[in-house]
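Before any comments, here is the structure.
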Number of protein chains: 2
Amino acid sequence: MLGNFTYCNPTKLYFGRGAIENLNAELPKYGKNVVLVYGGGSIKKNGIYDEAVKLLRAHGKNVAEIAGVMPNPTVGKLYEGMQIARAHKAEFLLAVGGGSVCDYTKALAVSVHCEGDPWEKYYLNGEEPSCKVLPVGCVLTMVGTGSEMNAGAVITNPETKLKIGHVFTDEAVMPRFAVLDPAYTLTLPHYQMVAGIYDIFSHICEQYFSGEDDNTSDYLAEGLMRSLLHSSRIADKDMQNYEARSNIMWTATWALNTLISRGKATDWMVHMLGQAAGAYTDATHGMTLAAVSLPYYRRILPYGLQKFVRFAVNVWGVDPAGKTERQTAEEGLSAMERWMRGLGLVMRLSELGATEDMVEGMADSTLVLDGGYHVLSRDEIVGIFKESL
Amino acid sequence: MLGNFTYCNPTKLYFGRGAIENLNAELPKYGKNVVLVYGGGSIKKNGIYDEAVKLLRAHGKNVAEIAGVMPNPTVGKLYEGMQIARAHKAEFLLAVGGGSVCDYTKALAVSVHCEGDPWEKYYLNGEEPSCKVLPVGCVLTMVGTGSEMNAGAVITNPETKLKIGHVFTDEAVMPRFAVLDPAYTLTLPHYQMVAGIYDIFSHICEQYFSGEDDNTSDYLAEGLMRSLLHSSRIADKDMQNYEARSNIMWTATWALNTLISRGKATDWMVHMLGQAAGAYTDATHGMTLAAVSLPYYRRILPYGLQKFVRFAVNVWGVDPAGKTERQTAEEGLSAMERWMRGLGLVMRLSELGATEDMVEGMADSTLVLDGGYHVLSRDEIVGIFKESL
């Protein structure tokens, strides 16, 4: 832990079967006017909507709704929500959904009392809230983003093709509480489950493949990766395995709640590459990450050789005896590739709709970061996209 | 994560060199009347007292002091502190010291406005606070207990020879913030440093050696243990190594802030045995734990064989090829023993002043818990103490 840092994460997590009942303890803490936020309506099919509404009514809440929050919540949807929340004199926002719904609700929480344009203030200028921030609660129905225990909120402006994630530093933006019931995730299709698993794995890698110090954070990251590998192999064969799905849910929360980035640099280039590919293909986030990861990691391996050796030995159990460091490191990435193919992750951008003629545009859209082991040149980015096709 | 659980830990941690400057951000949040709590006065020699007082004055605080908090804070000292805090109309309590000072200050925080006798209410009856809880801040000067980020507070009644730890469930009892400056720990003697390291390791083991499920918590525990082993070996040879000491400090916090016990059973028998030995010898806590650990773990090994195999392979790097599970598990404990002896931990209770004639009394004083792999009989407890002599 060579760097100085602050850690604060006050979100209260209620974990386990039937955890939604804890709304009975939380709802009395907040005002009467509640806005219920959700996505495409799957929560109406699986009964979670009815459960939440029943509990809100039991506590005498006056409920307005914002429905139809999309996978990449737009600034237009944010403006629409601000009108609803203002008209309702909202005192509390309850998000019921996955990472997009959580992200959107946090963006709304800092926007309802914002005097200017929140897109300009928070996303274009990167400012922190100077207004009152509404309290947010979250009932999580999908796993992967970690949005339930952090202060990040990604919003997209389709007109300017800008998708910007703002990680607020004020912990008031974090959900006050989150309900994590692994049983809610059991009905997700296999494709979505494994995309979520890879999103989690990538979050950990982005924070792991950086820095030179022997940081406790990297040991925690290895623990989370080993747990995820173990449970992903069980869940892949037996999607209804509650124990495996619950470990995956818990791992997702801790993979991106700031813990494993304390006191060290972070990379995040796989997300930059994957998001650029996503802007051209509209493919599932976790799958774009999967398709670009190995070409990226194989390219930066020589620059972060020691860490890739450590990754091979500590995460994948590669025996380094009689091998060069390079061989050990490459064996680690080969083991990772076998795991990814075994889960059925999409390993090529072409399978997600990308074509050769998109490569230059995707490279133009890729934000280059400098926290990892090597800063990519434009040629290298083009090379990675070509290898990912 | 088979069990249902709640996790909430709002303590804000300021970590790194010079982190005490963050009092400038924290002190304005609390009232004018502050009670400064500390121990035997070493903070007056190393300058931390002057630093804290300077910052309190700069913020115009009206400061009273409770000095002389002892290693095992007594109920008498608690009553004395209550009088001081009440007379001062305390609005905020600032603990500057190690785990005992933090524990004492948290006990004081729930006692100042308590109508009855806090010893009876909280410790004998195990009740939760029904009164206002004063906010606590903590400037940590020693590493090991994790008290800076949990709601536990151990208080001792010397008259009735009862030493009781109450882990409050109300997160209002947790410190609002903690200042963790690894440089503060650099001046500690080697004996205290390694005792603290073993206390941390034992905290992790107590939560690890229990349960049968493949819990993410156990993977996080392994990560913490591996980090601690790595940094302890560096710090043992080079006590001034800031990086190693900072990793140890961070590991201590996460070893006992409830994270790695989520969703699983825990054991805590080593602490029960060590505390009984401590009551008879008044020896350093970490050393009593060290002396009883291996006799205890070797005795319960057959009952938790799979976990001891996992411990050997994942924590100590034992190669299981060509070995029985029993051999692999025993090799893990042998590796642990070599590490302990290498650090210079005290491995025998006799070296801490215990004698054969104390064994029956220590066994009588040992509270038997049932969360681990085997519930000890009285004969087994006597046997462990004899093997520990």
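Residues are referred to by chain and number: the chain letter is A, B, ... according to the order shown in the structure tokens, the number counts from 1 in that chain, and ligands are numbered separately from 1 in the order shown.
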For chain B, list the residues within 8 Å of chain A, counting only C-alpha atoms, and write the list as an NGL selection string. :B and (1-17 or 19 or 213-216 or 219-224 or 226-227 or 242-243 or 246-247 or 250-251)
If you run DSSP over the backbone, which residues in stretch 162-381 of chain B end up helix (DSSP H, G or I)? Put them as a count of residues only. 146
Env of A:Ala107: 10 Å cut, atoms = only C-alpha atoms, seq-sep filter 5 positions within chain, self excluded. Answer as a PDB file with all heavy atoms, in the first residue's frame.
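Resulting contents of part-v6.pdb:
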ATOM      1  N   PRO A  73     -28.358   3.756 -20.193  1.00  0.00           N
ATOM      2  CA  PRO A  73     -29.302   4.844 -19.899  1.00  0.00           C
ATOM      3  C   PRO A  73     -28.854   6.146 -20.567  1.00  0.00           C
ATOM      4  O   PRO A  73     -27.685   6.526 -20.505  1.00  0.00           O
ATOM      5  CB  PRO A  73     -29.244   4.970 -18.374  1.00  0.00           C
ATOM      6  CG  PRO A  73     -28.690   3.681 -17.881  1.00  0.00           C
ATOM      7  CD  PRO A  73     -27.781   3.194 -18.956  1.00  0.00           C
ATOM      8  N   VAL A  75     -29.130  10.359 -21.636  1.00  0.00           N
ATOM      9  CA  VAL A  75     -29.318  11.646 -20.985  1.00  0.00           C
ATOM     10  C   VAL A  75     -30.770  12.101 -21.142  1.00  0.00           C
ATOM     11  O   VAL A  75     -31.332  12.742 -20.240  1.00  0.00           O
ATOM     12  CB  VAL A  75     -28.290  12.670 -21.530  1.00  0.00           C
ATOM     13  CG1 VAL A  75     -28.494  12.936 -23.004  1.00  0.00           C
ATOM     14  CG2 VAL A  75     -28.299  13.952 -20.725  1.00  0.00           C
ATOM     15  N   LEU A  78     -32.654  10.557 -18.492  1.00  0.00           N
ATOM     16  CA  LEU A  78     -32.338  11.245 -17.240  1.00  0.00           C
ATOM     17  C   LEU A  78     -33.205  12.497 -17.087  1.00  0.00           C
ATOM     18  O   LEU A  78     -33.784  12.732 -16.017  1.00  0.00           O
ATOM     19  CB  LEU A  78     -30.847  11.609 -17.199  1.00  0.00           C
ATOM     20  CG  LEU A  78     -30.347  12.333 -15.941  1.00  0.00           C
ATOM     21  CD1 LEU A  78     -30.534  11.474 -14.691  1.00  0.00           C
ATOM     22  CD2 LEU A  78     -28.874  12.726 -16.090  1.00  0.00           C
ATOM     23  N   GLY A  81     -36.692  11.520 -16.198  1.00  0.00           N
ATOM     24  CA  GLY A  81     -36.784  11.101 -14.798  1.00  0.00           C
ATOM     25  C   GLY A  81     -36.748  12.287 -13.843  1.00  0.00           C
ATOM     26  O   GLY A  81     -37.435  12.284 -12.808  1.00  0.00           O
ATOM     27  N   MET A  82     -35.934  13.292 -14.186  1.00  0.00           N
ATOM     28  CA  MET A  82     -35.863  14.482 -13.326  1.00  0.00           C
ATOM     29  C   MET A  82     -37.227  15.159 -13.222  1.00  0.00           C
ATOM     30  O   MET A  82     -37.641  15.592 -12.148  1.00  0.00           O
ATOM     31  CB  MET A  82     -34.825  15.461 -13.897  1.00  0.00           C
ATOM     32  CG  MET A  82     -33.392  15.039 -13.652  1.00  0.00           C
ATOM     33  SD  MET A  82     -32.213  15.877 -14.758  1.00  0.00           S
ATOM     34  CE  MET A  82     -32.438  17.593 -14.296  1.00  0.00           C
ATOM     35  N   VAL A 101     -29.950   0.148 -14.250  1.00  0.00           N
ATOM     36  CA  VAL A 101     -30.985   0.790 -13.445  1.00  0.00           C
ATOM     37  C   VAL A 101     -30.354   1.461 -12.213  1.00  0.00           C
ATOM     38  O   VAL A 101     -30.710   2.583 -11.848  1.00  0.00           O
ATOM     39  CB  VAL A 101     -32.084  -0.221 -13.047  1.00  0.00           C
ATOM     40  CG1 VAL A 101     -33.075   0.381 -12.063  1.00  0.00           C
ATOM     41  CG2 VAL A 101     -32.808  -0.725 -14.295  1.00  0.00           C
ATOM     42  N   CYS A 102     -29.381   0.766 -11.592  1.00  0.00           N
ATOM     43  CA  CYS A 102     -28.686   1.364 -10.436  1.00  0.00           C
ATOM     44  C   CYS A 102     -27.939   2.624 -10.856  1.00  0.00           C
ATOM     45  O   CYS A 102     -28.014   3.657 -10.190  1.00  0.00           O
ATOM     46  CB  CYS A 102     -27.675   0.386  -9.840  1.00  0.00           C
ATOM     47  SG  CYS A 102     -28.407  -0.916  -8.887  1.00  0.00           S
ATOM     48  N   VAL A 112     -31.820  15.634  -9.498  1.00  0.00           N
ATOM     49  CA  VAL A 112     -33.152  16.164  -9.198  1.00  0.00           C
ATOM     50  C   VAL A 112     -33.061  17.583  -8.623  1.00  0.00           C
ATOM     51  O   VAL A 112     -33.838  18.463  -8.980  1.00  0.00           O
ATOM     52  CB  VAL A 112     -33.916  15.226  -8.236  1.00  0.00           C
ATOM     53  CG1 VAL A 112     -35.231  15.851  -7.777  1.00  0.00           C
ATOM     54  CG2 VAL A 112     -34.172  13.879  -8.903  1.00  0.00           C
ATOM     55  N   PRO A 118     -27.362  18.595 -15.552  1.00  0.00           N
ATOM     56  CA  PRO A 118     -26.493  17.576 -14.940  1.00  0.00           C
ATOM     57  C   PRO A 118     -25.536  16.925 -15.938  1.00  0.00           C
ATOM     58  O   PRO A 118     -24.420  16.555 -15.567  1.00  0.00           O
ATOM     59  CB  PRO A 118     -27.475  16.552 -14.363  1.00  0.00           C
ATOM     60  CG  PRO A 118     -28.768  16.817 -15.018  1.00  0.00           C
ATOM     61  CD  PRO A 118     -28.786  18.257 -15.398  1.00  0.00           C
ATOM     62  N   TRP A 119     -25.945  16.765 -17.188  1.00  0.00           N
ATOM     63  CA  TRP A 119     -25.045  16.168 -18.195  1.00  0.00           C
ATOM     64  C   TRP A 119     -23.789  17.033 -18.332  1.00  0.00           C
ATOM     65  O   TRP A 119     -22.665  16.529 -18.335  1.00  0.00           O
ATOM     66  CB  TRP A 119     -25.779  16.037 -19.534  1.00  0.00           C
ATOM     67  CG  TRP A 119     -24.867  15.627 -20.660  1.00  0.00           C
ATOM     68  CD1 TRP A 119     -24.410  16.421 -21.676  1.00  0.00           C
ATOM     69  CD2 TRP A 119     -24.286  14.335 -20.886  1.00  0.00           C
ATOM     70  NE1 TRP A 119     -23.583  15.717 -22.510  1.00  0.00           N
ATOM     71  CE2 TRP A 119     -23.489  14.424 -22.055  1.00  0.00           C
ATOM     72  CE3 TRP A 119     -24.357  13.106 -20.214  1.00  0.00           C
ATOM     73  CZ2 TRP A 119     -22.769  13.342 -22.562  1.00  0.00           C
ATOM     74  CZ3 TRP A 119     -23.641  12.027 -20.722  1.00  0.00           C
ATOM     75  CH2 TRP A 119     -22.853  12.139 -21.876  1.00  0.00           C
ATOM     76  N   TYR A 122     -21.904  17.192 -14.482  1.00  0.00           N
ATOM     77  CA  TYR A 122     -21.262  15.980 -13.954  1.00  0.00           C
ATOM     78  C   TYR A 122     -20.459  15.238 -15.016  1.00  0.00           C
ATOM     79  O   TYR A 122     -19.403  14.694 -14.731  1.00  0.00           O
ATOM     80  CB  TYR A 122     -22.309  15.022 -13.375  1.00  0.00           C
ATOM     81  CG  TYR A 122     -23.138  15.630 -12.267  1.00  0.00           C
ATOM     82  CD1 TYR A 122     -24.528  15.583 -12.300  1.00  0.00           C
ATOM     83  CD2 TYR A 122     -22.527  16.265 -11.184  1.00  0.00           C
ATOM     84  CE1 TYR A 122     -25.289  16.133 -11.283  1.00  0.00           C
ATOM     85  CE2 TYR A 122     -23.289  16.826 -10.165  1.00  0.00           C
ATOM     86  CZ  TYR A 122     -24.668  16.761 -10.224  1.00  0.00           C
ATOM     87  OH  TYR A 122     -25.407  17.316  -9.226  1.00  0.00           O
ATOM     88  N   TYR A 123     -20.997  15.191 -16.240  1.00  0.00           N
ATOM     89  CA  TYR A 123     -20.384  14.306 -17.236  1.00  0.00           C
ATOM     90  C   TYR A 123     -19.395  15.032 -18.145  1.00  0.00           C
ATOM     91  O   TYR A 123     -18.307  14.539 -18.375  1.00  0.00           O
ATOM     92  CB  TYR A 123     -21.476  13.564 -18.009  1.00  0.00           C
ATOM     93  CG  TYR A 123     -22.158  12.571 -17.093  1.00  0.00           C
ATOM     94  CD1 TYR A 123     -23.283  12.918 -16.348  1.00  0.00           C
ATOM     95  CD2 TYR A 123     -21.610  11.311 -16.896  1.00  0.00           C
ATOM     96  CE1 TYR A 123     -23.865  12.028 -15.457  1.00  0.00           C
ATOM     97  CE2 TYR A 123     -22.182  10.409 -16.010  1.00  0.00           C
ATOM     98  CZ  TYR A 123     -23.311  10.772 -15.292  1.00  0.00           C
ATOM     99  OH  TYR A 123     -23.859   9.893 -14.408  1.00  0.00           O
ATOM    100  N   VAL A 133     -28.331  15.553  -2.452  1.00  0.00           N
ATOM    101  CA  VAL A 133     -28.342  14.274  -3.163  1.00  0.00           C
ATOM    102  C   VAL A 133     -29.438  13.408  -2.557  1.00  0.00           C
ATOM    103  O   VAL A 133     -29.460  13.190  -1.347  1.00  0.00           O
ATOM    104  CB  VAL A 133     -26.980  13.560  -3.018  1.00  0.00           C
ATOM    105  CG1 VAL A 133     -26.997  12.213  -3.731  1.00  0.00           C
ATOM    106  CG2 VAL A 133     -25.849  14.437  -3.553  1.00  0.00           C
ATOM    107  N   ALA A 151     -20.107   4.494  -6.256  1.00  0.00           N
ATOM    108  CA  ALA A 151     -20.698   5.793  -6.567  1.00  0.00           C
ATOM    109  C   ALA A 151     -20.526   6.120  -8.053  1.00  0.00           C
ATOM    110  O   ALA A 151     -20.492   7.276  -8.443  1.00  0.00           O
ATOM    111  CB  ALA A 151     -20.069   6.880  -5.696  1.00  0.00           C
ATOM    112  N   GLY A 152     -20.446   5.072  -8.872  1.00  0.00           N
ATOM    113  CA  GLY A 152     -20.302   5.276 -10.310  1.00  0.00           C
ATOM    114  C   GLY A 152     -21.656   5.310 -11.000  1.00  0.00           C
ATOM    115  O   GLY A 152     -22.612   4.682 -10.545  1.00  0.00           O
ATOM    116  N   ALA A 153     -21.746   6.056 -12.097  1.00  0.00           N
ATOM    117  CA  ALA A 153     -22.987   6.136 -12.865  1.00  0.00           C
ATOM    118  C   ALA A 153     -22.636   6.480 -14.312  1.00  0.00           C
ATOM    119  O   ALA A 153     -22.187   7.582 -14.592  1.00  0.00           O
ATOM    120  CB  ALA A 153     -23.932   7.170 -12.264  1.00  0.00           C
ATOM    121  N   VAL A 154     -22.835   5.515 -15.205  1.00  0.00           N
ATOM    122  CA  VAL A 154     -22.547   5.727 -16.628  1.00  0.00           C
ATOM    123  C   VAL A 154     -23.814   6.233 -17.315  1.00  0.00           C
ATOM    124  O   VAL A 154     -24.887   5.647 -17.171  1.00  0.00           O
ATOM    125  CB  VAL A 154     -22.086   4.415 -17.298  1.00  0.00           C
ATOM    126  CG1 VAL A 154     -21.733   4.658 -18.761  1.00  0.00           C
ATOM    127  CG2 VAL A 154     -20.909   3.802 -16.559  1.00  0.00           C
ATOM    128  N   ILE A 155     -23.675   7.313 -18.050  1.00  0.00           N
ATOM    129  CA  ILE A 155     -24.800   7.860 -18.819  1.00  0.00           C
ATOM    130  C   ILE A 155     -24.318   8.081 -20.260  1.00  0.00           C
ATOM    131  O   ILE A 155     -23.167   8.436 -20.499  1.00  0.00           O
ATOM    132  CB  ILE A 155     -25.306   9.188 -18.195  1.00  0.00           C
ATOM    133  CG1 ILE A 155     -25.932   8.930 -16.813  1.00  0.00           C
ATOM    134  CG2 ILE A 155     -26.321   9.898 -19.114  1.00  0.00           C
ATOM    135  CD1 ILE A 155     -27.232   8.147 -16.810  1.00  0.00           C
ATOM    136  N   HIS A 166     -19.114   8.517 -14.650  1.00  0.00           N
ATOM    137  CA  HIS A 166     -18.587   9.394 -13.607  1.00  0.00           C
ATOM    138  C   HIS A 166     -18.597   8.612 -12.294  1.00  0.00           C
ATOM    139  O   HIS A 166     -19.645   8.160 -11.851  1.00  0.00           O
ATOM    140  CB  HIS A 166     -19.440  10.659 -13.482  1.00  0.00           C
ATOM    141  CG  HIS A 166     -18.861  11.677 -12.541  1.00  0.00           C
ATOM    142  ND1 HIS A 166     -19.106  13.020 -12.632  1.00  0.00           N
ATOM    143  CD2 HIS A 166     -18.013  11.549 -11.491  1.00  0.00           C
ATOM    144  CE1 HIS A 166     -18.458  13.663 -11.684  1.00  0.00           C
ATOM    145  NE2 HIS A 166     -17.798  12.797 -10.972  1.00  0.00           N
ATOM    146  N   PHE A 168     -18.420   9.281  -8.740  1.00  0.00           N
ATOM    147  CA  PHE A 168     -18.481  10.400  -7.799  1.00  0.00           C
ATOM    148  C   PHE A 168     -17.619  10.090  -6.577  1.00  0.00           C
ATOM    149  O   PHE A 168     -17.485   8.932  -6.178  1.00  0.00           O
ATOM    150  CB  PHE A 168     -19.938  10.661  -7.391  1.00  0.00           C
ATOM    151  CG  PHE A 168     -20.787  11.164  -8.523  1.00  0.00           C
ATOM    152  CD1 PHE A 168     -21.485  10.278  -9.337  1.00  0.00           C
ATOM    153  CD2 PHE A 168     -20.873  12.525  -8.797  1.00  0.00           C
ATOM    154  CE1 PHE A 168     -22.255  10.734 -10.405  1.00  0.00           C
ATOM    155  CE2 PHE A 168     -21.647  12.988  -9.859  1.00  0.00           C
ATOM    156  CZ  PHE A 168     -22.335  12.088 -10.656  1.00  0.00           C
ATOM    157  N   VAL A 173     -23.468   9.541  -2.745  1.00  0.00           N
ATOM    158  CA  VAL A 173     -24.035   9.054  -4.009  1.00  0.00           C
ATOM    159  C   VAL A 173     -24.170   7.531  -3.999  1.00  0.00           C
ATOM    160  O   VAL A 173     -24.923   6.948  -4.774  1.00  0.00           O
ATOM    161  CB  VAL A 173     -23.162   9.529  -5.199  1.00  0.00           C
ATOM    162  CG1 VAL A 173     -23.790   9.125  -6.520  1.00  0.00           C
ATOM    163  CG2 VAL A 173     -22.965  11.043  -5.152  1.00  0.00           C
TER     164      VAL A 173
END
Record the distance separating atom CA of B:Leu301 and atom CA of B:Glu330, expressed in Å with one decimal.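 Value for the atom CA of B:Leu301-atom CA of B:Glu330 distance: 8.1 Å.
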One decimal, Å: what's the distance from atom CA of A:Glu351 over to atom CA of A:Thr160, could you say?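 Taking atom CA of A:Glu351 as the start and atom CA of A:Thr160 as the end point, the length is 26.6 Å.
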When DSSP is applied to the backbone of this structure, which of stretch 124-218 of chain B are assigned strand (DSSP E or B)? Write them out as a PyMOL selection string. chain B and resi 136-140+152-157+162-167+177-180
Print the selection's residues with all heavy atoms to a file, as a compact mmCIF listing (two decimals), in the first residue's frame.
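The result, written out as part.txt:
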# COMPACT_ATOMS: atom_id res chain seq x y z
N VAL B 136 -17.29 8.52 17.42
CA VAL B 136 -15.89 8.24 17.77
C VAL B 136 -15.02 8.38 16.52
O VAL B 136 -15.39 7.93 15.44
CB VAL B 136 -15.76 6.79 18.31
CG1 VAL B 136 -14.30 6.36 18.43
CG2 VAL B 136 -16.47 6.66 19.66
N GLY B 137 -13.87 9.00 16.68
CA GLY B 137 -12.83 8.97 15.66
C GLY B 137 -11.62 8.29 16.25
O GLY B 137 -11.45 8.25 17.47
N CYS B 138 -10.78 7.74 15.40
CA CYS B 138 -9.66 6.95 15.90
C CYS B 138 -8.39 7.27 15.11
O CYS B 138 -8.40 7.27 13.89
CB CYS B 138 -10.06 5.49 15.77
SG CYS B 138 -8.71 4.36 15.95
N VAL B 139 -7.31 7.56 15.84
CA VAL B 139 -5.99 7.68 15.23
C VAL B 139 -5.19 6.49 15.71
O VAL B 139 -4.87 6.38 16.90
CB VAL B 139 -5.30 9.01 15.64
CG1 VAL B 139 -3.90 9.08 15.04
CG2 VAL B 139 -6.13 10.21 15.20
N LEU B 140 -4.91 5.55 14.81
CA LEU B 140 -4.35 4.26 15.20
C LEU B 140 -2.82 4.33 15.30
O LEU B 140 -2.15 4.82 14.39
CB LEU B 140 -4.76 3.20 14.17
CG LEU B 140 -4.66 1.75 14.64
CD1 LEU B 140 -5.67 1.46 15.74
CD2 LEU B 140 -4.88 0.80 13.47
N GLY B 152 -16.63 -3.77 17.90
CA GLY B 152 -16.32 -4.57 19.07
C GLY B 152 -15.65 -3.73 20.14
O GLY B 152 -14.96 -2.76 19.84
N ALA B 153 -15.85 -4.11 21.39
CA ALA B 153 -15.21 -3.41 22.51
C ALA B 153 -15.08 -4.38 23.67
O ALA B 153 -16.09 -4.80 24.25
CB ALA B 153 -16.03 -2.19 22.92
N VAL B 154 -13.84 -4.74 24.00
CA VAL B 154 -13.58 -5.68 25.10
C VAL B 154 -13.34 -4.87 26.38
O VAL B 154 -12.54 -3.93 26.38
CB VAL B 154 -12.34 -6.54 24.81
CG1 VAL B 154 -12.10 -7.55 25.94
CG2 VAL B 154 -12.47 -7.27 23.48
N ILE B 155 -14.04 -5.22 27.43
CA ILE B 155 -13.85 -4.57 28.74
C ILE B 155 -13.65 -5.68 29.79
O ILE B 155 -14.24 -6.75 29.70
CB ILE B 155 -15.07 -3.68 29.10
CG1 ILE B 155 -15.19 -2.50 28.13
CG2 ILE B 155 -14.99 -3.17 30.55
CD1 ILE B 155 -14.08 -1.46 28.22
N THR B 156 -12.79 -5.39 30.76
CA THR B 156 -12.46 -6.38 31.78
C THR B 156 -12.92 -5.91 33.16
O THR B 156 -12.79 -4.74 33.49
CB THR B 156 -10.93 -6.60 31.82
OG1 THR B 156 -10.51 -7.12 30.56
CG2 THR B 156 -10.52 -7.57 32.92
N ASN B 157 -13.49 -6.82 33.92
CA ASN B 157 -13.82 -6.55 35.31
C ASN B 157 -12.83 -7.33 36.18
O ASN B 157 -12.97 -8.56 36.33
CB ASN B 157 -15.26 -6.98 35.61
CG ASN B 157 -15.68 -6.55 37.01
OD1 ASN B 157 -14.84 -6.40 37.90
ND2 ASN B 157 -16.98 -6.34 37.19
N LEU B 162 -13.72 -11.27 34.87
CA LEU B 162 -14.44 -11.44 33.60
C LEU B 162 -13.91 -10.45 32.57
O LEU B 162 -13.89 -9.24 32.82
CB LEU B 162 -15.95 -11.21 33.81
CG LEU B 162 -16.71 -12.35 34.46
CD1 LEU B 162 -18.13 -11.92 34.83
CD2 LEU B 162 -16.76 -13.58 33.55
N LYS B 163 -13.46 -10.98 31.46
CA LYS B 163 -13.03 -10.15 30.33
C LYS B 163 -14.00 -10.44 29.20
O LYS B 163 -14.01 -11.55 28.66
CB LYS B 163 -11.60 -10.51 29.94
CG LYS B 163 -11.04 -9.73 28.76
CD LYS B 163 -9.58 -10.12 28.49
CE LYS B 163 -9.07 -9.43 27.22
NZ LYS B 163 -7.66 -9.75 26.96
N ILE B 164 -14.85 -9.47 28.87
CA ILE B 164 -15.94 -9.74 27.93
C ILE B 164 -15.83 -8.83 26.71
O ILE B 164 -15.68 -7.62 26.83
CB ILE B 164 -17.32 -9.54 28.60
CG1 ILE B 164 -17.44 -10.41 29.87
CG2 ILE B 164 -18.44 -9.89 27.62
CD1 ILE B 164 -18.74 -10.24 30.62
N GLY B 165 -15.90 -9.41 25.54
CA GLY B 165 -15.94 -8.65 24.30
C GLY B 165 -17.36 -8.57 23.79
O GLY B 165 -18.01 -9.61 23.63
N HIS B 166 -17.86 -7.38 23.60
CA HIS B 166 -19.18 -7.23 23.01
C HIS B 166 -19.00 -6.66 21.61
O HIS B 166 -18.44 -5.58 21.44
CB HIS B 166 -20.04 -6.29 23.86
CG HIS B 166 -21.47 -6.22 23.41
ND1 HIS B 166 -22.51 -5.89 24.21
CD2 HIS B 166 -22.04 -6.46 22.20
CE1 HIS B 166 -23.65 -5.91 23.53
NE2 HIS B 166 -23.38 -6.25 22.31
N VAL B 167 -19.46 -7.41 20.61
CA VAL B 167 -19.49 -6.87 19.25
C VAL B 167 -20.89 -6.31 19.02
O VAL B 167 -21.85 -7.06 18.86
CB VAL B 167 -19.15 -7.96 18.20
CG1 VAL B 167 -19.17 -7.35 16.81
CG2 VAL B 167 -17.80 -8.58 18.50
N PHE B 177 -14.54 7.58 11.66
CA PHE B 177 -13.38 7.59 10.78
C PHE B 177 -12.19 7.04 11.56
O PHE B 177 -12.20 6.99 12.79
CB PHE B 177 -13.07 9.01 10.27
CG PHE B 177 -12.63 9.96 11.33
CD1 PHE B 177 -11.28 10.08 11.68
CD2 PHE B 177 -13.54 10.75 12.01
CE1 PHE B 177 -10.86 10.95 12.68
CE2 PHE B 177 -13.15 11.62 13.00
CZ PHE B 177 -11.80 11.72 13.34
N ALA B 178 -11.20 6.59 10.81
CA ALA B 178 -9.95 6.15 11.42
C ALA B 178 -8.79 6.64 10.57
O ALA B 178 -8.86 6.61 9.34
CB ALA B 178 -9.92 4.62 11.55
N VAL B 179 -7.77 7.12 11.26
CA VAL B 179 -6.54 7.57 10.61
C VAL B 179 -5.52 6.44 10.73
O VAL B 179 -5.18 6.03 11.84
CB VAL B 179 -6.01 8.85 11.30
CG1 VAL B 179 -4.61 9.18 10.80
CG2 VAL B 179 -6.98 10.01 11.07
N LEU B 180 -5.08 5.90 9.60
CA LEU B 180 -4.12 4.78 9.60
C LEU B 180 -2.83 5.24 8.93
O LEU B 180 -2.74 5.25 7.71
CB LEU B 180 -4.69 3.57 8.86
CG LEU B 180 -5.78 2.77 9.58
CD1 LEU B 180 -7.14 3.44 9.44
CD2 LEU B 180 -5.87 1.35 9.02
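Distances from B:Gly274, B:Gly126, B:Pro320, B:Gly342 to B:Gly286 were compared using only C-alpha atoms, and the smallest one belongs to B:Gly274.
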Select, from B:Asn150, B:Ile300, B:Ala276, B:Gly344, the residue with the minimum atom-to-atom distance to B:Asn257, counting only C-alpha atoms.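 Closest residue, counting only C-alpha atoms: B:Asn150.
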